[in-house]
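S.K.: So here's my_file-v2.txt (compact mmCIF, C-alpha atoms (C1' of nucleotides)).
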```
# COMPACT_ATOMS: atom_id res chain seq x y z
CA MET J 340 69.85 152.03 94.66
CA THR J 341 69.64 154.97 92.31
CA VAL J 342 68.49 158.35 93.61
CA SER J 343 66.47 160.90 91.76
CA LEU J 344 68.46 163.99 91.02
CA ASP J 345 67.30 167.15 89.38
CA ASN J 346 69.45 169.45 87.31
CA PHE J 347 70.47 171.54 90.32
CA ASP J 348 71.80 168.45 92.04
CA ARG J 349 73.65 167.41 88.92
CA LYS J 350 75.25 170.80 88.47
CA LEU J 351 76.32 170.79 92.08
CA LEU J 352 77.84 167.35 91.67
CA VAL J 353 79.81 168.48 88.66
CA GLU J 354 81.23 171.43 90.56
CA VAL J 355 81.94 169.64 93.76
CA GLN J 356 83.67 166.68 92.15
CA GLN J 357 85.96 169.16 90.52
CA ASP J 358 86.59 171.30 93.59
CA ALA J 359 85.08 170.59 96.96
CA GLN J 360 86.26 173.85 98.48
CA ILE J 361 84.09 176.25 96.59
CA PRO J 362 82.00 178.02 99.25
CA GLN J 363 78.29 177.43 99.11
CA ASN J 364 77.44 180.99 98.19
CA GLU J 365 79.75 180.78 95.18
CA LEU J 366 78.17 177.45 94.23
CA GLY J 367 74.81 179.11 94.56
CA ALA J 368 75.86 181.85 92.18
CA ARG J 369 77.03 179.28 89.64
CA VAL J 370 73.94 177.11 89.65
CA ASN J 371 71.45 179.85 90.46
CA LEU J 372 70.37 178.91 93.92
CA SER J 373 70.53 180.54 97.33
CA THR J 374 73.26 179.57 99.77
CA ALA J 375 70.73 177.87 101.99
CA ALA J 376 69.34 175.80 99.15
CA VAL J 377 72.84 174.70 98.19
CA ASN J 378 73.49 173.80 101.79
CA ARG J 379 70.37 171.68 102.06
CA ARG J 380 71.01 169.94 98.77
CA LEU J 381 74.62 169.08 99.56
CA ARG J 382 73.58 167.73 102.92
CA ARG J 383 70.91 165.61 101.27
CA LEU J 384 73.39 164.30 98.70
CA VAL J 385 75.69 163.21 101.50
CA ASP J 386 72.86 161.72 103.54
CA GLU J 387 71.61 159.73 100.58
CA GLY J 388 75.09 158.47 99.84
CA VAL J 389 75.41 160.15 96.49
CA ILE J 390 78.43 161.97 97.85
CA GLU J 391 80.36 159.26 99.62
CA ARG J 392 82.97 161.49 101.16
CA TYR J 393 85.25 164.43 100.61
CA ALA J 394 88.92 163.71 100.05
CA ALA J 395 92.18 165.49 99.45
CA VAL J 396 93.81 164.39 96.23
CA VAL J 397 97.54 164.15 96.76
CA SER J 398 100.20 164.15 94.10
CA PRO J 399 102.01 160.82 94.05
CA GLU J 400 105.18 162.34 92.61
CA LYS J 401 105.44 164.92 95.35
CA VAL J 402 105.45 162.27 98.03
CA GLY J 403 107.91 160.09 96.18
CA CYS J 404 105.52 157.55 94.71
CA ALA J 405 106.83 158.04 91.23
CA LEU J 406 105.68 154.78 89.71
CA THR J 407 102.17 153.83 88.71
CA ILE J 408 101.74 150.25 87.62
CA VAL J 409 98.77 148.36 86.27
CA THR J 410 98.79 144.64 86.96
CA MET J 411 96.43 142.03 85.60
CA VAL J 412 96.02 138.82 87.53
CA GLU J 413 94.61 135.46 86.58
CA VAL J 414 93.61 133.10 89.35
CA GLU J 415 93.88 129.34 89.59
CA SER J 416 90.49 128.71 91.18
CA GLU J 417 87.41 130.88 91.43
CA GLN J 418 86.36 129.31 94.70
CA ILE J 419 84.56 131.95 96.74
CA ASP J 420 86.65 131.83 99.88
CA LEU J 421 89.87 131.90 97.92
CA LEU J 422 88.66 134.89 95.94
CA ASP J 423 87.57 136.66 99.09
CA ALA J 424 90.95 136.11 100.64
CA MET J 425 92.61 137.58 97.58
CA LYS J 426 90.30 140.56 97.54
CA ARG J 427 91.09 141.20 101.14
CA SER J 428 94.82 140.94 100.63
CA PHE J 429 94.69 143.36 97.70
CA ALA J 430 92.38 145.80 99.40
CA GLN J 431 94.50 145.89 102.51
CA CYS J 432 97.74 146.73 100.76
CA PRO J 433 98.30 150.49 100.94
CA PHE J 434 100.14 150.47 97.61
CA VAL J 435 97.10 149.08 95.84
CA GLN J 436 95.23 152.19 94.87
CA GLN J 437 92.51 150.37 93.00
CA CYS J 438 91.42 146.82 92.49
CA TYR J 439 88.69 145.52 90.19
CA TYR J 440 87.43 141.96 89.98
CA VAL J 441 86.69 141.54 86.30
CA ALA J 442 85.26 139.19 83.72
CA GLY J 443 87.28 138.52 80.61
CA GLU J 444 90.77 137.29 79.94
CA TRP J 445 91.87 138.25 83.43
CA ASP J 446 90.33 138.10 86.87
CA PHE J 447 91.75 141.11 88.65
CA VAL J 448 93.06 144.46 87.54
CA LEU J 449 95.14 146.37 90.05
CA VAL J 450 96.44 149.91 89.92
CA LEU J 451 99.48 150.28 92.15
CA THR J 452 101.48 153.28 93.33
CA VAL J 453 105.02 152.51 94.38
CA HIS J 454 108.27 154.34 95.01
CA ASN J 455 110.37 152.38 92.54
CA MET J 456 110.78 149.10 90.71
CA ASP J 457 112.47 147.40 93.61
CA GLN J 458 109.47 148.05 95.72
CA TYR J 459 107.21 146.65 93.02
CA THR J 460 109.33 143.53 92.81
CA GLU J 461 108.99 143.13 96.54
CA LEU J 462 105.23 143.64 96.27
CA THR J 463 104.82 141.03 93.55
CA ARG J 464 106.49 138.57 95.89
CA GLN J 465 104.13 139.48 98.67
CA LEU J 466 100.91 139.70 96.71
CA PHE J 467 101.35 137.26 93.84
CA PHE J 468 104.20 134.79 94.16
CA SER J 469 103.41 133.87 97.73
CA ASN J 470 99.76 133.28 96.85
CA ASN J 471 99.32 129.94 95.15
CA ASN J 472 95.92 130.85 93.81
CA VAL J 473 97.63 133.27 91.43
CA LYS J 474 98.13 131.48 88.13
CA ARG J 475 99.88 134.30 86.30
CA PHE J 476 100.04 138.06 86.20
CA LYS J 477 101.09 140.70 83.73
CA THR J 478 102.68 144.04 84.51
CA LEU J 479 102.10 147.27 82.61
CA VAL J 480 104.27 150.18 83.74
CA SER J 481 102.69 153.58 83.38
CA MET J 482 104.78 156.09 81.47
CA SER J 483 102.20 158.82 81.76
CA ARG J 484 99.09 159.26 83.80
CA VAL J 485 97.00 160.73 81.03
CA LYS J 486 93.90 161.13 83.16
CA VAL J 487 93.45 160.31 86.81
CA GLY J 488 90.36 160.81 88.85
CA LEU J 489 87.27 159.31 90.37
CA GLY J 490 84.94 161.67 88.58
CA VAL J 491 81.59 160.19 87.67
CA PRO J 492 79.82 161.66 84.65
CA VAL J 493 76.63 163.55 85.39
CA SER J 494 74.80 164.79 82.38
CA ILE J 495 73.00 168.07 82.58
CA ASP J 496 70.05 168.61 80.30
CA GLU J 497 69.72 172.31 79.80
CA MET B 211 109.91 167.43 92.24
CA THR B 212 109.70 165.75 95.61
CA VAL B 213 109.00 167.86 98.67
CA SER B 214 110.38 167.35 102.14
CA LEU B 215 107.68 166.33 104.56
CA ASP B 216 107.99 165.77 108.26
CA ASN B 217 105.89 163.42 110.30
CA PHE B 218 103.29 166.08 111.04
CA ASP B 219 102.75 166.62 107.33
CA ARG B 220 102.51 162.92 106.70
CA LYS B 221 99.98 162.39 109.44
CA LEU B 222 97.91 165.25 108.11
CA LEU B 223 98.03 163.76 104.62
CA VAL B 224 96.82 160.42 105.88
CA GLU B 225 93.87 162.02 107.64
CA VAL B 226 92.94 164.40 104.92
CA GLN B 227 93.08 161.84 102.12
CA GLN B 228 90.63 159.82 104.13
CA ASP B 229 88.32 162.68 105.05
CA ALA B 230 88.85 166.23 103.95
CA GLN B 231 86.11 167.60 106.16
CA ILE B 232 87.68 167.07 109.51
CA PRO B 233 87.98 170.55 111.00
CA GLN B 234 91.47 171.84 111.60
CA ASN B 235 91.12 171.89 115.36
CA GLU B 236 90.18 168.23 115.34
CA LEU B 237 93.13 167.49 113.05
CA GLY B 238 95.30 169.38 115.49
CA ALA B 239 94.07 167.23 118.32
CA ARG B 240 94.87 164.08 116.36
CA VAL B 241 98.39 165.00 115.33
CA ASN B 242 99.25 167.15 118.33
CA LEU B 243 99.44 170.58 116.82
CA SER B 244 97.56 173.83 117.28
CA THR B 245 94.79 174.75 114.87
CA ALA B 246 96.92 177.53 113.43
CA ALA B 247 99.83 175.21 112.77
CA VAL B 248 97.54 172.76 111.02
CA ASN B 249 96.16 175.60 108.95
CA ARG B 250 99.61 176.77 107.92
CA ARG B 251 100.77 173.28 107.05
CA LEU B 252 97.72 172.45 104.97
CA ARG B 253 98.09 175.70 103.10
CA ARG B 254 101.75 174.96 102.45
CA LEU B 255 100.90 171.45 101.21
CA VAL B 256 98.43 172.94 98.76
CA ASP B 257 100.85 175.68 97.68
CA GLU B 258 103.61 173.19 97.05
CA GLY B 259 101.28 170.98 95.08
CA VAL B 260 101.39 168.05 97.44
CA ILE B 261 97.64 168.38 97.84
CA GLU B 262 96.44 168.86 94.28
CA ARG B 263 92.85 169.59 95.16
CA TYR B 264 89.91 168.65 97.32
CA ALA B 265 87.17 166.64 95.70
CA ALA B 266 83.82 165.11 96.48
CA VAL B 267 83.79 161.39 95.84
CA VAL B 268 80.48 160.42 94.32
CA SER B 269 78.97 156.98 94.21
CA PRO B 270 78.70 155.78 90.60
CA GLU B 271 75.78 153.47 91.40
CA LYS B 272 73.72 156.25 92.92
CA VAL B 273 73.94 158.31 89.79
CA GLY B 274 73.21 155.38 87.54
CA CYS B 275 76.72 154.64 86.33
CA ALA B 276 76.46 151.02 87.24
CA LEU B 277 79.17 149.65 84.98
CA THR B 278 82.90 149.95 85.44
CA ILE B 279 84.97 148.70 82.57
CA VAL B 280 88.70 148.35 82.10
CA THR B 281 89.87 148.52 78.51
CA MET B 282 93.36 147.86 77.18
CA VAL B 283 94.32 149.40 73.89
CA GLU B 284 97.13 148.66 71.47
CA VAL B 285 98.06 151.30 68.95
CA GLU B 286 99.17 150.96 65.36
CA SER B 287 101.85 153.64 65.43
CA GLU B 288 103.65 155.31 68.34
CA GLN B 289 104.15 158.50 66.41
CA ILE B 290 104.08 161.37 68.88
CA ASP B 291 101.33 163.44 67.34
CA LEU B 292 99.09 160.43 66.88
CA LEU B 293 99.62 159.44 70.50
CA ASP B 294 98.92 162.95 71.67
CA ALA B 295 95.71 163.02 69.72
CA MET B 296 94.64 159.76 71.32
CA LYS B 297 95.54 160.94 74.78
CA ARG B 298 93.47 164.03 74.22
CA SER B 299 90.50 162.12 72.94
CA PHE B 300 90.60 159.77 75.93
CA ALA B 301 91.16 162.52 78.45
CA GLN B 302 88.31 164.56 77.09
CA CYS B 303 85.72 161.82 77.29
CA PRO B 304 83.72 162.21 80.51
CA PHE B 305 83.18 158.46 80.74
CA VAL B 306 86.90 157.84 80.89
CA GLN B 307 87.64 158.03 84.55
CA GLN B 308 91.29 157.15 84.22
CA CYS B 309 93.75 156.66 81.42
CA TYR B 310 97.33 155.45 81.65
CA TYR B 311 99.84 155.30 78.84
CA VAL B 312 101.80 152.17 79.60
CA ALA B 313 104.74 150.06 78.54
CA GLY B 314 104.21 146.35 78.07
CA GLU B 315 101.87 144.25 76.02
CA TRP B 316 99.44 147.15 75.69
CA ASP B 317 99.77 150.88 75.16
CA PHE B 318 96.83 152.33 77.04
CA VAL B 319 94.77 151.22 79.99
CA LEU B 320 91.44 152.96 80.45
CA VAL B 321 89.00 152.78 83.33
CA LEU B 322 85.53 153.70 82.17
CA THR B 323 82.28 154.37 84.00
CA VAL B 324 79.16 153.90 81.93
CA HIS B 325 75.45 153.45 82.42
CA ASN B 326 75.11 150.16 80.59
CA MET B 327 76.58 147.93 77.93
CA ASP B 328 74.86 149.71 75.10
CA GLN B 329 76.58 152.87 76.10
CA TYR B 330 79.91 151.10 76.20
CA THR B 331 79.32 149.72 72.74
CA GLU B 332 78.60 153.20 71.53
CA LEU B 333 81.77 154.47 73.25
CA THR B 334 83.98 151.82 71.65
CA ARG B 335 82.73 153.04 68.30
CA GLN B 336 83.55 156.59 69.17
CA LEU B 337 86.89 156.05 70.87
CA PHE B 338 88.34 152.96 69.20
CA PHE B 339 86.69 151.88 65.97
CA SER B 340 86.63 155.33 64.50
CA ASN B 341 90.30 155.84 65.30
CA ASN B 342 92.49 154.06 62.81
CA ASN B 343 95.51 154.22 65.03
CA VAL B 344 93.84 151.69 67.32
CA LYS B 345 95.11 148.27 66.35
CA ARG B 346 93.06 146.26 68.84
CA PHE B 347 91.54 146.54 72.27
CA LYS B 348 90.41 144.20 74.98
CA THR B 349 87.50 144.72 77.35
CA LEU B 350 87.36 143.60 80.97
CA VAL B 351 84.03 144.15 82.68
CA SER B 352 84.20 144.83 86.39
CA MET B 353 82.01 142.60 88.50
CA SER B 354 83.14 144.15 91.74
CA ARG B 355 85.05 147.28 92.60
CA VAL B 356 87.15 145.72 95.30
CA LYS B 357 89.05 148.89 96.10
CA VAL B 358 88.61 152.31 94.57
CA GLY B 359 90.47 155.43 95.49
CA LEU B 360 93.28 157.80 94.69
CA GLY B 361 94.95 157.38 98.05
CA VAL B 362 98.71 157.63 97.99
CA PRO B 363 100.63 155.76 100.67
CA VAL B 364 102.44 157.94 103.19
CA SER B 365 104.50 156.10 105.74
CA ILE B 366 104.79 157.49 109.22
CA ASP B 367 107.86 156.66 111.24
CA GLU B 368 106.99 156.95 114.88
C1' DT K 375 64.51 183.46 101.03
C1' DC K 376 66.31 186.04 104.82
C1' DT K 377 68.55 186.56 109.25
C1' DG K 378 71.55 185.38 112.81
C1' DA K 379 74.11 182.24 115.76
C1' DA K 380 77.76 178.87 115.90
C1' DA K 381 81.71 177.02 113.75
C1' DA K 382 85.74 177.12 111.02
C1' DT K 383 89.34 179.50 108.67
C1' DG K 384 93.21 182.24 108.40
C1' DG K 385 95.99 186.41 109.70
C1' DA K 386 98.61 189.25 113.37
C1' DC K 387 101.65 189.02 116.76
C1' DC K 388 104.59 187.15 120.17
C1' DT K 389 107.61 183.24 121.83
C1' DT K 390 110.79 179.38 121.29
C1' DT K 391 114.54 176.83 119.12
C1' DA P 973 115.12 182.41 110.14
C1' DA P 974 111.73 178.87 110.83
C1' DA P 975 107.97 177.04 113.17
C1' DG P 976 104.72 176.90 117.21
C1' DG P 977 101.15 179.00 120.11
C1' DT P 978 97.32 182.33 121.44
C1' DC P 979 94.10 185.52 120.24
C1' DC P 980 91.06 187.86 117.17
C1' DA P 981 88.72 189.19 112.74
C1' DT P 982 86.57 187.38 108.81
C1' DT P 983 84.25 183.95 106.29
C1' DT P 984 81.38 180.05 105.99
C1' DT P 985 77.95 176.93 107.43
C1' DC P 986 73.56 175.83 108.75
C1' DA P 987 69.09 176.06 111.26
C1' DG P 988 64.74 178.63 112.41
C1' DA P 989 61.45 181.97 111.17
```
Can I see the file as C-alpha cells?
M.R.:
Amino acid sequence: MTVSLDNFDRKLLVEVQQDAQIPQNELGARVNLSTAAVNRRLRRLVDEGVIERYAAVVSPEKVGCALTIVTMVEVESEQIDLLDAMKRSFAQCPFVQQCYYVAGEWDFVLVLTVHNMDQYTELTRQLFFSNNNVKRFKTLVSMSRVKVGLGVPVSIDE
Amino acid sequence: MTVSLDNFDRKLLVEVQQDAQIPQNELGARVNLSTAAVNRRLRRLVDEGVIERYAAVVSPEKVGCALTIVTMVEVESEQIDLLDAMKRSFAQCPFVQQCYYVAGEWDFVLVLTVHNMDQYTELTRQLFFSNNNVKRFKTLVSMSRVKVGLGVPVSIDE
DNA sequence: TCTGAAAATGGACCTTT
DNA sequence: AAAGGTCCATTTTCAGA
C-alpha cells in the first residue's frame, strides 16, 4: 500500500502539489537534481500511484458556484446494499464535491458546490428527501472557504 | 466576480479539471478547436482566475496518511480578531486539508489528513484544547472516502 | 549526467465574422 | 475589434548512450 519515498521524492511532491506546471529543470534546481532525474522520479511517482493525476483547480465563484455547503447525513439502516446505493447516488451528483462515509454521530459528510440556495433546496429533495434511508440531515452553509485543497502533508527531514 | 464563458471554455474546463495533462492538440480535437485557440483560451482562463492553478493530486494512502477525519468546531466568541486567529491557525496546519467557516450548529468544519489516531490526538491538543476560544468540537472518522475532489460543476448546453 | 530527438507550448501573422 | 486558423520558433519532455 505505502511506497518508500526518499527526501527527493518528498520535496518533489511538495512542489508539484502546489504547482504542477513548474518545468522539470526548475524543479531540479529547487531540489538539487538533474532534469532527467526529476523526470524519472515523477514518472515513477505516477506509475506507483503516488501521484494519482494532475488537475486544474477552478475557482467556484468565477463559474457561478458561489455557495459551498457542508451537509451531514444520518441513515436509517446500515445495510450494505442500501449504503452502496447511497454512496453511488452521492458520488454521481456533480454538485457533490466530496463525500465521506464516517463513524460518529453522523454517517455521511458531504461538501457541495451549488449556484444558490434554491439549487440546494432542489438537491436536498433529490438526494435526501426522496431517499427513505435518510433519517435526518443537517446543513452548514459556508461563509468563508478558509482553506481548500487536496494537499497531503509530506514531511521532509533535512 | 463571475466571468462569461462560452461552451468551448466550459468543455475545456470539464476536460482539464479531470486531467490537466491532455495536450492542447488533443483538447482541440475533443472540443473542435485548433491547438492555438485552445492555448489562447486556457491562458485567458488562467489570467482571469477561472483556473486558479494546476496541481498534482497525491494519494494519501501511498504516503502514509491513512486517516481522514472531519472535525466540527464551535467557538466561544465570534469576535473578529479571535476568529481570524483561529482561521490562521487552521489554515497554517499542514494536516488541515480543508477548513470552512460555516453558519449553523457549528462554526468551523475541518477536513484533516493524518497518519494515525495518535497524531490526531496530538493535533486536537494543538489546535483545539490549547485554544480557549474553542468551546467544543466533534470528531467524525472517515471509514471511506466515497468521493474526493475539487471539481466544480460546469454545465454544457449543446 | 549529458546529448539529442520528439512533443508540446505559445507567438506572429493572416483571415473571417 | 474579437476570435479562429496555419505556420514557425522556443521550450520542455524524455529516452539512449
S.K.: Kindly assemble as CSV a list of the chain B residues that lie within 12 Å of chain P, each paired with its nearest atom pair and their distance in Å to one decimal, using only C-alpha atoms (C1' of nucleotides), sorted first by chain and then by ascending residue number.
M.R.:
```
residue,atom,partner,partner_atom,distance
B:Asn242,CA,P:DG976,C1',11.2
B:Leu243,CA,P:DG976,C1',8.2
B:Ser244,CA,P:DG977,C1',6.9
B:Thr245,CA,P:DG977,C1',9.3
B:Ala246,CA,P:DG977,C1',8.0
B:Ala247,CA,P:DG976,C1',6.8
B:Val248,CA,P:DG976,C1',10.3
B:Asn249,CA,P:DG976,C1',12.0
B:Arg250,CA,P:DA975,C1',9.9
B:Arg251,CA,P:DA975,C1',10.2
```
S.K.: Once you count all atoms listed in the file, which residues of chain K turn out to be within 12 Å of chain B? Could you give them as a ChimeraX atom specification?
M.R.: /K:381-386
S.K.: For C-alpha atoms (C1' of nucleotides), I'd like the residues from the last selection saved as a compact mmCIF listing (two decimals), in the coordinates of the input.
M.R.:
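again-v9.txt, written as the output of this step:
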```txt
# COMPACT_ATOMS: atom_id res chain seq x y z
C1' DA K 381 81.71 177.02 113.75
C1' DA K 382 85.74 177.12 111.02
C1' DT K 383 89.34 179.50 108.67
C1' DG K 384 93.21 182.24 108.40
C1' DG K 385 95.99 186.41 109.70
C1' DA K 386 98.61 189.25 113.37
```
S.K.: Find the residues around Met282 of chain B up to 6 Å (all atoms listed in the file counted), leave out those fewer than 2 positions away in its own chain, and share them as a ChimeraX atom specification.
M.R.: /B:318-319,347-348
S.K.: One decimal, Å: what's the distance from atom CA of Asp423 of chain J over to atom CA of Thr278 of chain B, could you say?
M.R.: 19.6 Å
S.K.: As a compact mmCIF listing (two decimals) with C-alpha atoms, keeping the file's coordinate frame, please: the residues near Cys275 of chain B (cut-off 6 Å, all atoms listed in the file, same-chain neighbours under 4 positions excluded).
M.R.:
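Dumped everything to around.txt:
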```txt
# COMPACT_ATOMS: atom_id res chain seq x y z
CA PRO B 270 78.70 155.78 90.60
CA GLU B 271 75.78 153.47 91.40
CA VAL B 324 79.16 153.90 81.93
CA HIS B 325 75.45 153.45 82.42
```
S.K.: Return the single residue from J:Thr463, J:Ser494, J:Ser483, J:Ser428 that is closest to chain B, with distances computed using only C-alpha atoms.
M.R.: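 Closest to chain B of all the choices is J:Ser483.
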S.K.: What's the separation between atom CA of Leu222 of chain B and atom CA of Cys432 of chain J, in Å to one decimal place?
M.R.: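 Spanning atom CA of Leu222 of chain B to atom CA of Cys432 of chain J is a straight-line distance of 19.9 Å.
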S.K.: For atom CA of Leu223 of chain B and atom CA of Thr452 of chain J, determine how far apart the two atoms are, in Å to one decimal place.
M.R.: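 So the two atoms, atom CA of Leu223 of chain B and atom CA of Thr452 of chain J, lie 15.8 Å apart.
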